[in-house]
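Have a look at entry_24.pdb; it's PDB, C-alpha atoms and all ligand atoms:
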```
ATOM      1  CA  PRO B   1       4.950  14.736 -11.465
ATOM      2  CA  ILE B   2       3.578  18.304 -11.722
ATOM      3  CA  ASP B   3       6.606  19.511 -13.682
ATOM      4  CA  PRO B   4      10.250  18.313 -13.847
ATOM      5  CA  VAL B   5      10.988  19.543 -10.298
ATOM      6  CA  ARG B   6       7.714  19.111  -8.385
ATOM      7  CA  TYR B   7       5.453  16.215  -7.531
ATOM      8  CA  LEU B   8       2.351  15.225  -5.559
ATOM      9  CA  SER B   9       2.863  12.672  -2.786
ATOM     10  CA  ASN B  10       1.616  11.871   0.721
ATOM     11  CA  ARG B  11       2.815  11.345   4.282
ATOM     12  CA  SER B  12       3.469   7.628   4.045
ATOM     13  CA  SER B  13       7.129   6.741   4.730
ATOM     14  CA  GLY B  14       7.068   3.220   3.267
ATOM     15  CA  ARG B  15       8.253   1.742   6.589
ATOM     16  CA  MET B  16       5.322  -0.674   6.923
ATOM     17  CA  GLY B  17       5.944  -2.174   3.471
ATOM     18  CA  TYR B  18       9.667  -2.510   4.120
ATOM     19  CA  ALA B  19       8.993  -4.170   7.511
ATOM     20  CA  ILE B  20       6.655  -6.685   5.827
ATOM     21  CA  ALA B  21       9.306  -7.488   3.202
ATOM     22  CA  ALA B  22      11.903  -8.011   5.957
ATOM     23  CA  ALA B  23       9.501 -10.325   7.826
ATOM     24  CA  ALA B  24       8.771 -12.300   4.655
ATOM     25  CA  ILE B  25      12.508 -12.756   3.965
ATOM     26  CA  ALA B  26      13.073 -13.844   7.586
ATOM     27  CA  GLY B  27      10.239 -16.345   7.155
ATOM     28  CA  GLY B  28      12.021 -17.886   4.161
ATOM     29  CA  HIS B  29       9.713 -16.506   1.448
ATOM     30  CA  ARG B  30      10.932 -15.364  -1.940
ATOM     31  CA  THR B  31      10.051 -11.678  -1.835
ATOM     32  CA  THR B  32       9.757  -8.832  -4.328
ATOM     33  CA  LEU B  33       9.518  -5.356  -2.829
ATOM     34  CA  ILE B  34       7.979  -2.800  -5.188
ATOM     35  CA  SER B  35       8.749   0.586  -3.732
ATOM     36  CA  GLY B  36       7.875   4.167  -4.493
ATOM     37  CA  PRO B  37      10.407   6.923  -3.801
ATOM     38  CA  VAL B  38      11.154   6.550  -0.053
ATOM     39  CA  CYS B  39      14.186   7.278   2.135
ATOM     40  CA  LEU B  40      14.808   3.728   3.347
ATOM     41  CA  PRO B  41      17.696   1.311   2.749
ATOM     42  CA  PRO B  42      16.903  -1.724   0.549
ATOM     43  CA  ILE B  43      15.881  -4.972   2.275
ATOM     44  CA  ASP B  44      18.622  -7.608   2.016
ATOM     45  CA  GLY B  45      17.437 -10.662   0.168
ATOM     46  CA  ALA B  46      14.396  -8.990  -1.445
ATOM     47  CA  GLU B  47      14.192  -8.383  -5.156
ATOM     48  CA  MET B  48      13.876  -4.597  -5.223
ATOM     49  CA  ARG B  49      11.811  -2.815  -7.878
ATOM     50  CA  HIS B  50      11.786   0.978  -7.735
ATOM     51  CA  ILE B  51       8.956   2.878  -9.337
ATOM     52  CA  VAL B  52       7.713   6.466  -9.155
ATOM     53  CA  THR B  53       4.140   6.816 -10.385
ATOM     54  CA  ALA B  54       0.949   4.918  -9.591
ATOM     55  CA  ALA B  55       0.829   3.690 -13.203
ATOM     56  CA  GLU B  56       4.382   2.294 -12.913
ATOM     57  CA  MET B  57       3.440   0.574  -9.644
ATOM     58  CA  HIS B  58       0.428  -1.001 -11.331
ATOM     59  CA  GLU B  59       2.601  -2.408 -14.105
ATOM     60  CA  ALA B  60       5.296  -3.664 -11.707
ATOM     61  CA  VAL B  61       2.745  -5.371  -9.428
ATOM     62  CA  GLN B  62       0.958  -7.051 -12.329
ATOM     63  CA  ALA B  63       4.293  -8.398 -13.644
ATOM     64  CA  ALA B  64       5.565  -9.559 -10.224
ATOM     65  CA  ILE B  65       2.442 -11.481  -9.202
ATOM     66  CA  ALA B  66       2.731 -13.809 -12.207
ATOM     67  CA  GLU B  67       4.993 -16.041 -10.110
ATOM     68  CA  ALA B  68       3.629 -15.177  -6.677
ATOM     69  CA  ASP B  69       1.305 -16.883  -4.200
ATOM     70  CA  ALA B  70       0.407 -13.707  -2.328
ATOM     71  CA  LEU B  71       0.323  -9.928  -2.641
ATOM     72  CA  ILE B  72       0.546  -7.619   0.374
ATOM     73  CA  MET B  73      -0.444  -4.163  -0.830
ATOM     74  CA  ALA B  74       0.828  -1.742   1.796
ATOM     75  CA  ALA B  75       1.609   1.097  -0.605
ATOM     76  CA  ALA B  76      -0.117   4.447  -0.140
ATOM     77  CA  VAL B  77      -0.818   4.799  -3.846
ATOM     78  CA  ALA B  78      -1.802   8.243  -5.137
ATOM     79  CA  ASP B  79      -5.494   8.315  -6.068
ATOM     80  CA  PHE B  80      -5.103  11.334  -8.351
ATOM     81  CA  THR B  81      -2.342  12.410 -10.688
ATOM     82  CA  PRO B  82      -1.730  15.688 -12.541
ATOM     83  CA  ALA B  83      -3.602  15.288 -15.820
ATOM     84  CA  ARG B  84      -0.918  16.995 -17.900
ATOM     85  CA  PRO B  85       2.506  17.293 -16.215
ATOM     86  CA  ALA B  86       4.286  20.398 -17.543
ATOM     87  CA  PRO B  87       7.353  19.535 -19.666
ATOM     88  CA  ARG B  88       9.231  22.576 -18.278
ATOM     89  CA  LYS B  89       9.422  24.082 -14.794
ATOM     90  CA  LEU B  90       6.336  26.184 -13.985
ATOM     91  CA  LYS B  91       7.554  29.726 -13.326
ATOM     92  CA  LYS B  92       6.040  31.800 -10.545
ATOM     93  CA  GLU B  93       5.864  34.958 -12.693
ATOM     94  CA  ARG B  94       3.070  33.147 -14.532
ATOM     95  CA  GLY B  95       0.970  33.118 -11.327
ATOM     96  CA  ALA B  96      -0.433  30.267  -9.232
ATOM     97  CA  PRO B  97      -1.122  27.267 -11.465
ATOM     98  CA  VAL B  98      -4.467  25.492 -11.395
ATOM     99  CA  LEU B  99      -3.726  21.776 -11.381
ATOM    100  CA  GLU B 100      -6.129  19.500 -13.141
ATOM    101  CA  LEU B 101      -6.026  16.021 -11.619
ATOM    102  CA  SER B 102      -7.192  12.776 -13.086
ATOM    103  CA  PRO B 103      -7.880   9.562 -11.122
ATOM    104  CA  THR B 104      -5.278   6.787 -11.124
ATOM    105  CA  ARG B 105      -6.350   3.195 -11.609
ATOM    106  CA  ASP B 106      -6.954   1.287  -8.386
ATOM    107  CA  ILE B 107      -4.295  -1.416  -8.470
ATOM    108  CA  LEU B 108      -5.990  -3.940  -6.152
ATOM    109  CA  GLN B 109      -9.296  -3.567  -7.931
ATOM    110  CA  SER B 110      -8.006  -3.877 -11.467
ATOM    111  CA  LEU B 111      -5.271  -6.523 -11.143
ATOM    112  CA  VAL B 112      -5.623  -9.694 -13.138
ATOM    113  CA  ARG B 113      -5.042 -12.314 -10.464
ATOM    114  CA  PRO B 114      -2.652 -15.053 -11.570
ATOM    115  CA  LYS B 115      -4.425 -18.051 -10.071
ATOM    116  CA  LYS B 116      -7.256 -19.326  -7.952
ATOM    117  CA  ASN B 117      -6.527 -18.991  -4.225
ATOM    118  CA  PHE B 118      -4.053 -16.150  -4.796
ATOM    119  CA  ILE B 119      -3.861 -14.449  -1.384
ATOM    120  CA  VAL B 120      -4.414 -10.686  -1.267
ATOM    121  CA  VAL B 121      -3.872  -8.419   1.731
ATOM    122  CA  GLY B 122      -5.018  -4.811   1.548
ATOM    123  CA  PHE B 123      -4.525  -1.837   3.832
ATOM    124  CA  ALA B 124      -7.001   0.803   4.913
ATOM    125  CA  ALA B 125      -5.884   4.189   6.208
ATOM    126  CA  GLU B 126      -8.886   5.985   7.680
ATOM    127  CA  THR B 127      -9.589   9.089   9.729
ATOM    128  CA  GLU B 128     -13.184   8.083  10.619
ATOM    129  CA  ASN B 129     -15.524   5.052  10.668
ATOM    130  CA  LEU B 130     -12.496   2.721  10.617
ATOM    131  CA  ALA B 131     -14.303  -0.619  10.941
ATOM    132  CA  GLU B 132     -17.043   0.131   8.441
ATOM    133  CA  ARG B 133     -14.694   1.561   5.802
ATOM    134  CA  ALA B 134     -12.082  -1.160   6.251
ATOM    135  CA  LYS B 135     -14.764  -3.845   5.800
ATOM    136  CA  ARG B 136     -15.986  -2.077   2.696
ATOM    137  CA  LYS B 137     -12.445  -2.097   1.230
ATOM    138  CA  LEU B 138     -12.125  -5.782   2.198
ATOM    139  CA  SER B 139     -15.133  -6.653   0.065
ATOM    140  CA  VAL B 140     -14.768  -4.157  -2.827
ATOM    141  CA  LYS B 141     -11.060  -4.978  -3.272
ATOM    142  CA  GLN B 142     -11.640  -8.719  -2.705
ATOM    143  CA  CYS B 143      -8.957  -9.159  -0.069
ATOM    144  CA  ASP B 144      -8.389 -12.112   2.262
ATOM    145  CA  PHE B 145      -7.834  -9.556   4.998
ATOM    146  CA  VAL B 146      -7.357  -5.839   5.414
ATOM    147  CA  VAL B 147      -4.929  -4.172   7.823
ATOM    148  CA  ALA B 148      -6.699  -1.058   9.064
ATOM    149  CA  ASN B 149      -5.296   1.861  10.971
ATOM    150  CA  ASP B 150      -6.703   5.123  12.223
ATOM    151  CA  VAL B 151      -4.482   7.837  10.770
ATOM    152  CA  SER B 152      -6.265  10.623  12.639
ATOM    153  CA  LEU B 153      -4.276   9.757  15.811
ATOM    154  CA  SER B 154      -1.190  11.938  15.843
ATOM    155  CA  ASP B 155       1.071   9.395  17.542
ATOM    156  CA  THR B 156       0.604   6.363  15.308
ATOM    157  CA  GLY B 157       0.848   5.528  11.678
ATOM    158  CA  PHE B 158       2.779   7.808   9.392
ATOM    159  CA  ASP B 159       6.546   7.859   9.630
ATOM    160  CA  ARG B 160       6.720   6.127  13.003
ATOM    161  CA  ASP B 161       8.215   2.856  14.165
ATOM    162  CA  ASP B 162       4.998   1.590  15.697
ATOM    163  CA  ASN B 163       1.327   1.459  14.893
ATOM    164  CA  ILE B 164      -2.049   0.242  16.171
ATOM    165  CA  VAL B 165      -3.896  -1.861  13.612
ATOM    166  CA  THR B 166      -6.941  -4.093  13.381
ATOM    167  CA  LEU B 167      -7.090  -7.004  10.941
ATOM    168  CA  TYR B 168     -10.472  -7.595   9.246
ATOM    169  CA  PHE B 169     -10.809 -11.008   7.635
ATOM    170  CA  ARG B 170     -12.991 -12.210   4.778
ATOM    171  CA  THR B 171     -14.378 -14.796   7.213
ATOM    172  CA  GLY B 172     -15.896 -11.958   9.283
ATOM    173  CA  ALA B 173     -13.320 -12.175  12.090
ATOM    174  CA  ALA B 174     -11.701  -8.985  13.383
ATOM    175  CA  ARG B 175      -8.457  -8.995  15.383
ATOM    176  CA  GLU B 176      -7.385  -5.813  17.098
ATOM    177  CA  MET B 177      -3.640  -5.739  17.793
ATOM    178  CA  ALA B 178      -2.183  -3.831  20.730
ATOM    179  CA  ARG B 179       0.300  -1.101  19.820
ATOM    180  CA  ALA B 180       3.261  -2.842  18.216
ATOM    181  CA  SER B 181       6.373  -2.077  16.222
ATOM    182  CA  LYS B 182       6.041  -2.173  12.445
ATOM    183  CA  ALA B 183       8.496  -5.114  12.560
ATOM    184  CA  ASP B 184       6.051  -7.047  14.797
ATOM    185  CA  ILE B 185       3.050  -6.079  12.673
ATOM    186  CA  GLY B 186       4.985  -7.210   9.582
ATOM    187  CA  ARG B 187       5.674 -10.609  11.197
ATOM    188  CA  ARG B 188       1.991 -10.960  12.175
ATOM    189  CA  ILE B 189       0.828 -10.165   8.617
ATOM    190  CA  VAL B 190       3.245 -12.705   7.114
ATOM    191  CA  ALA B 191       2.137 -15.306   9.697
ATOM    192  CA  GLU B 192      -1.551 -14.709   8.830
ATOM    193  CA  VAL B 193      -0.789 -15.108   5.106
ATOM    194  CA  GLN B 194       1.060 -18.373   5.887
ATOM    195  CA  ARG B 195      -1.911 -19.580   7.967
ATOM    196  CA  ILE B 196      -4.339 -18.873   5.112
ATOM    197  CA  ALA B 197      -1.991 -20.596   2.616
ATOM    198  CA  ASN B 198      -1.780 -23.678   4.873
ATOM    199  CA  ASN B 199      -5.575 -23.961   4.904
ATOM    200  CA  ILE B 200      -6.012 -23.749   1.122
TER     201      ILE B 200
HETATM  202  N1  LIG G 301      -4.724   0.953  -3.470
HETATM  203  C1  LIG G 301      -4.433   0.489  -4.732
HETATM  204  N2  LIG G 301      -4.436   1.344  -5.810
HETATM  205  C2  LIG G 301      -4.749   2.642  -5.634
HETATM  206  C3  LIG G 301      -5.079   3.140  -4.336
HETATM  207  C4  LIG G 301      -5.060   2.262  -3.271
HETATM  208  O1  LIG G 301      -4.168  -0.706  -4.891
HETATM  209  N3  LIG G 301      -4.749   3.457  -6.710
HETATM  210  C5  LIG G 301      -4.696   0.003  -2.334
HETATM  211  C6  LIG G 301      -3.768   0.390  -1.199
HETATM  212  O2  LIG G 301      -2.467  -0.105  -1.415
HETATM  213  C7  LIG G 301      -4.440  -0.286  -0.008
HETATM  214  C8  LIG G 301      -5.921  -0.211  -0.352
HETATM  215  O3  LIG G 301      -5.981  -0.023  -1.778
HETATM  216  O4  LIG G 301      -4.090  -1.654   0.103
HETATM  217  C9  LIG G 301      -6.674   0.907   0.328
HETATM  218  O5  LIG G 301      -6.008   2.136   0.128
HETATM  219  P1  LIG G 301      -6.513   3.459   0.845
HETATM  220  O6  LIG G 301      -5.592   4.584   0.465
HETATM  221  O7  LIG G 301      -6.788   3.183   2.301
HETATM  222  O8  LIG G 301      -7.937   3.677   0.205
HETATM  223  P2  LIG G 301      -8.473   4.087  -1.230
HETATM  224  O9  LIG G 301      -9.021   2.864  -1.891
HETATM  225  O10 LIG G 301      -7.424   4.848  -1.984
HETATM  226  O11 LIG G 301      -9.720   5.017  -0.880
HETATM  227  P3  LIG G 301      -9.745   6.387  -0.006
HETATM  228  O12 LIG G 301      -8.401   7.080  -0.287
HETATM  229  O13 LIG G 301     -10.916   7.116  -0.545
HETATM  230  O14 LIG G 301      -9.893   5.973   1.441
END
```
Before anything else, please render the file you have as structure tokens.
Ligand code: CTP
Amino acid sequence: PIDPVRYLSNRSSGRMGYAIAAAAIAGGHRTTLISGPVCLPPIDGAEMRHIVTAAEMHEAVQAAIAEADALIMAAAVADFTPARPAPRKLKKERGAPVLELSPTRDILQSLVRPKKNFIVVGFAAETENLAERAKRKLSVKQCDFVVANDVSLSDTGFDRDDNIVTLYFRTGAAREMARASKADIGRRIVAEVQRIANNI
């Protein structure tokens, strides 16, 4: 929040996360979907948790993973938040406000993982050097794999039904997927998590 009527957000629609939750439910997995403010209907069968800020998402994720075997972190979490949200609406007669932002905590990097072999999937949205940056996130955020997409292409990614992604694995493997619906990508991600779980 900037003030009671305005907020900072980004172009992510939440569709990828919802598609993953639907795929997990279809695969018979107990699923909690922690969602920011999006315009999407709830996923039948998922335990829905609605949050607004990055700090609330952090808390909800930490609580939910206590009983989980895997975390798929598709959320486009805000990296910066207004340092001091105004308690009352900012009025334009007062002139253009200067917003001071402070960094949010990185959820993947600061989570206390509930057990050994807990499976973590991260995402990487990049406009340049996709492979290099995705691999860096894979290692810094200690993921089993990262789902990377190039968000500089105007016809994929944000607020669309399909996407082109590459999966980068901790083992060093990279798997580029042809353009696919978010439903198909969701099923692939859940299948890869299941494959890793079967090999533990
Ligand atoms: N992420 C997170 N907590 C944050 C920001 C991001 O857990 N405060 C997670 C995202 O859910 C995603 C991964 O980190 O799984 C990468 O997010 P992305 O936005 O691509 O990258 P950032 O780490 O935020 O770095 P940058 O925005 O500089 O690319």
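Across B:Ala23, B:Thr166, B:Ile185, B:Gly28, the tightest approach to Ile43 of chain B is made by B:Ala23 when counting all atoms listed in the file.
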* Return as a ChimeraX atom specification every polymer residue, whether protein, DNA or RNA, with at least one atom no more than 9 Å from an atom of ligand LIG 301 (chain G); count only C-alpha atoms and all ligand atoms. => /B:54-55,57-58,72-80,103-111,121-127,133-134,137-138,141,143,146-149
* Go through B:Val151, B:Leu71, B:Ala86, B:Leu130 and flag the residue nearest Ser12 of chain B, using only C-alpha atoms for the distances. =>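 The shortest atom-to-atom distance to Ser12 of chain B comes from B:Val151.
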Exercise on segment 140-147 of chain B, axis-aligned box with 5 Å per side, report centre and edge lengths in Å to one decimal, as lines of an AutoDock Vina configuration file:
```
center_x = -9.8
center_y = -8.1
center_z = 2.3
size_x = 19.8
size_y = 18.0
size_z = 21.1
```
Asp69 of chain B environment, 12 Å, only C-alpha atoms, sequence neighbours closer than 5 positions dropped, as a PDB file with C-alpha atoms, keeping the file's coordinate frame:
```
ATOM      1  CA  HIS B  29       9.713 -16.506   1.448  1.00  0.00           C
ATOM      2  CA  ARG B  30      10.932 -15.364  -1.940  1.00  0.00           C
ATOM      3  CA  THR B  31      10.051 -11.678  -1.835  1.00  0.00           C
ATOM      4  CA  THR B  32       9.757  -8.832  -4.328  1.00  0.00           C
ATOM      5  CA  ALA B  64       5.565  -9.559 -10.224  1.00  0.00           C
ATOM      6  CA  ARG B 113      -5.042 -12.314 -10.464  1.00  0.00           C
ATOM      7  CA  PRO B 114      -2.652 -15.053 -11.570  1.00  0.00           C
ATOM      8  CA  LYS B 115      -4.425 -18.051 -10.071  1.00  0.00           C
ATOM      9  CA  LYS B 116      -7.256 -19.326  -7.952  1.00  0.00           C
ATOM     10  CA  ASN B 117      -6.527 -18.991  -4.225  1.00  0.00           C
ATOM     11  CA  PHE B 118      -4.053 -16.150  -4.796  1.00  0.00           C
ATOM     12  CA  ILE B 119      -3.861 -14.449  -1.384  1.00  0.00           C
ATOM     13  CA  VAL B 120      -4.414 -10.686  -1.267  1.00  0.00           C
ATOM     14  CA  VAL B 121      -3.872  -8.419   1.731  1.00  0.00           C
ATOM     15  CA  VAL B 193      -0.789 -15.108   5.106  1.00  0.00           C
ATOM     16  CA  GLN B 194       1.060 -18.373   5.887  1.00  0.00           C
ATOM     17  CA  ILE B 196      -4.339 -18.873   5.112  1.00  0.00           C
ATOM     18  CA  ALA B 197      -1.991 -20.596   2.616  1.00  0.00           C
ATOM     19  CA  ASN B 198      -1.780 -23.678   4.873  1.00  0.00           C
ATOM     20  CA  ILE B 200      -6.012 -23.749   1.122  1.00  0.00           C
TER      21      ILE B 200
END
```
* To do: Can you turn the PyMOL selection byres (((chain B and resi 50) around 12) and not hetatm) into a concrete residue list for this file, as a PyMOL selection string?
  => chain B and resi 32-40+42+47-49+51-54+56-57+59-61
* To do: Tell me, in Å to one decimal, how far atom CA of Asp150 of chain B is from atom CA of Glu128 of chain B.
  =>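 Distance between the two atoms: 7.3 Å.
One distance worth recording is that between atom CA of Ala19 of chain B and atom CA of Lys182 of chain B, which is 6.1 Å.
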* To do: Check which residues satisfy the PyMOL selection byres (((chain B and resi 2) around 12) and not hetatm) in the file shown, then give them as a list in words.
  =>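 Residues picked by the PyMOL selection byres (((chain B and resi 2) around 12) and not hetatm): Pro1, Asp3, Pro4, Val5, Arg6, Tyr7, Leu8, Ser9, Thr53, Phe80, Thr81, Pro82, Ala83, Arg84, Pro85, Ala86, Pro87, Arg88, Lys89, Leu90, Pro97, Val98, Leu99, Glu100 and Leu101 of chain B.
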* To do: Work out how far atom CA of Gln62 of chain B is from atom CA of Asn163 of chain B, in Å to one decimal.
  =>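 Value for the atom CA of Asn163 of chain B-atom CA of Gln62 of chain B distance: 28.5 Å.
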* Proximity to Ala178 of chain B - best of B:Ile164, B:Arg195, B:Ala22, B:Ser102, all atoms listed in the file -> B:Ile164
* Structure fact -> Residue with the minimum atom-to-atom distance to Ala26 of chain B, picked from B:Ala131, B:Ala191, B:Tyr168, B:Asn199 with all atoms listed in the file counted, is B:Ala191
If we count all atoms listed in the file, what is near Asp159 of chain B at a cut-off of 10 Å, once residues fewer than 5 positions away on the same chain are taken out, given as a CSV table (one decimal) with C-alpha atoms, keeping the file's coordinate frame?
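Below you can see selection.csv, which holds the result:
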```
chain,number,residue,atom,x,y,z
B,11,ARG,CA,2.8,11.3,4.3
B,12,SER,CA,3.5,7.6,4.0
B,13,SER,CA,7.1,6.7,4.7
B,14,GLY,CA,7.1,3.2,3.3
B,15,ARG,CA,8.3,1.7,6.6
B,16,MET,CA,5.3,-0.7,6.9
```
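Nearest residue to Asp44 of chain B, choosing from B:Phe145, B:Phe158, B:Phe169, B:Tyr18 and counting all atoms listed in the file: B:Tyr18.
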* Considering all atoms listed in the file, return as number ranges by chain whatever protein or nucleic-acid residues lie within 6 Å of Asp162 of chain B, sequence-local ones (same chain, fewer than 2 positions apart) excluded. => B: 160, 180-182
Give me segment 38-54 of chain B from this structure - N, CA and C atoms, as a compact mmCIF listing (two decimals), in the first residue's frame.
```
# COMPACT_ATOMS: atom_id res chain seq x y z
N VAL B 38 -5.58 -11.19 -7.07
CA VAL B 38 -5.70 -11.44 -8.51
C VAL B 38 -7.18 -11.54 -8.88
N CYS B 39 -7.47 -11.50 -10.16
CA CYS B 39 -8.87 -11.60 -10.61
C CYS B 39 -9.12 -12.99 -11.18
N LEU B 40 -8.98 -14.01 -10.37
CA LEU B 40 -9.15 -15.38 -10.84
C LEU B 40 -10.05 -16.13 -9.86
N PRO B 41 -10.88 -17.06 -10.37
CA PRO B 41 -11.73 -17.83 -9.45
C PRO B 41 -10.88 -18.81 -8.65
N PRO B 42 -11.30 -19.15 -7.41
CA PRO B 42 -10.52 -20.10 -6.61
C PRO B 42 -10.42 -21.46 -7.29
N ILE B 43 -9.39 -22.23 -6.93
CA ILE B 43 -9.21 -23.57 -7.51
C ILE B 43 -9.92 -24.57 -6.61
N ASP B 44 -10.89 -25.29 -7.18
CA ASP B 44 -11.63 -26.30 -6.41
C ASP B 44 -10.69 -27.32 -5.83
N GLY B 45 -10.84 -27.58 -4.56
CA GLY B 45 -10.05 -28.64 -3.93
C GLY B 45 -8.79 -28.11 -3.28
N ALA B 46 -8.35 -26.87 -3.63
CA ALA B 46 -7.15 -26.32 -3.00
C ALA B 46 -7.54 -25.56 -1.74
N GLU B 47 -6.66 -25.61 -0.76
CA GLU B 47 -6.87 -24.75 0.41
C GLU B 47 -6.40 -23.36 0.01
N MET B 48 -7.32 -22.40 -0.03
CA MET B 48 -6.97 -21.06 -0.51
C MET B 48 -6.54 -20.18 0.66
N ARG B 49 -5.43 -19.47 0.48
CA ARG B 49 -5.01 -18.46 1.46
C ARG B 49 -4.80 -17.16 0.70
N HIS B 50 -5.54 -16.13 1.06
CA HIS B 50 -5.42 -14.85 0.36
C HIS B 50 -4.60 -13.87 1.19
N ILE B 51 -3.60 -13.30 0.56
CA ILE B 51 -2.75 -12.33 1.23
C ILE B 51 -2.62 -11.10 0.33
N VAL B 52 -2.09 -10.02 0.88
CA VAL B 52 -1.92 -8.81 0.06
C VAL B 52 -0.45 -8.43 -0.08
N THR B 53 0.26 -8.33 1.01
CA THR B 53 1.64 -7.81 0.92
C THR B 53 2.66 -8.95 0.85
N ALA B 54 3.89 -8.56 0.48
CA ALA B 54 4.98 -9.53 0.43
C ALA B 54 5.25 -10.11 1.83
```
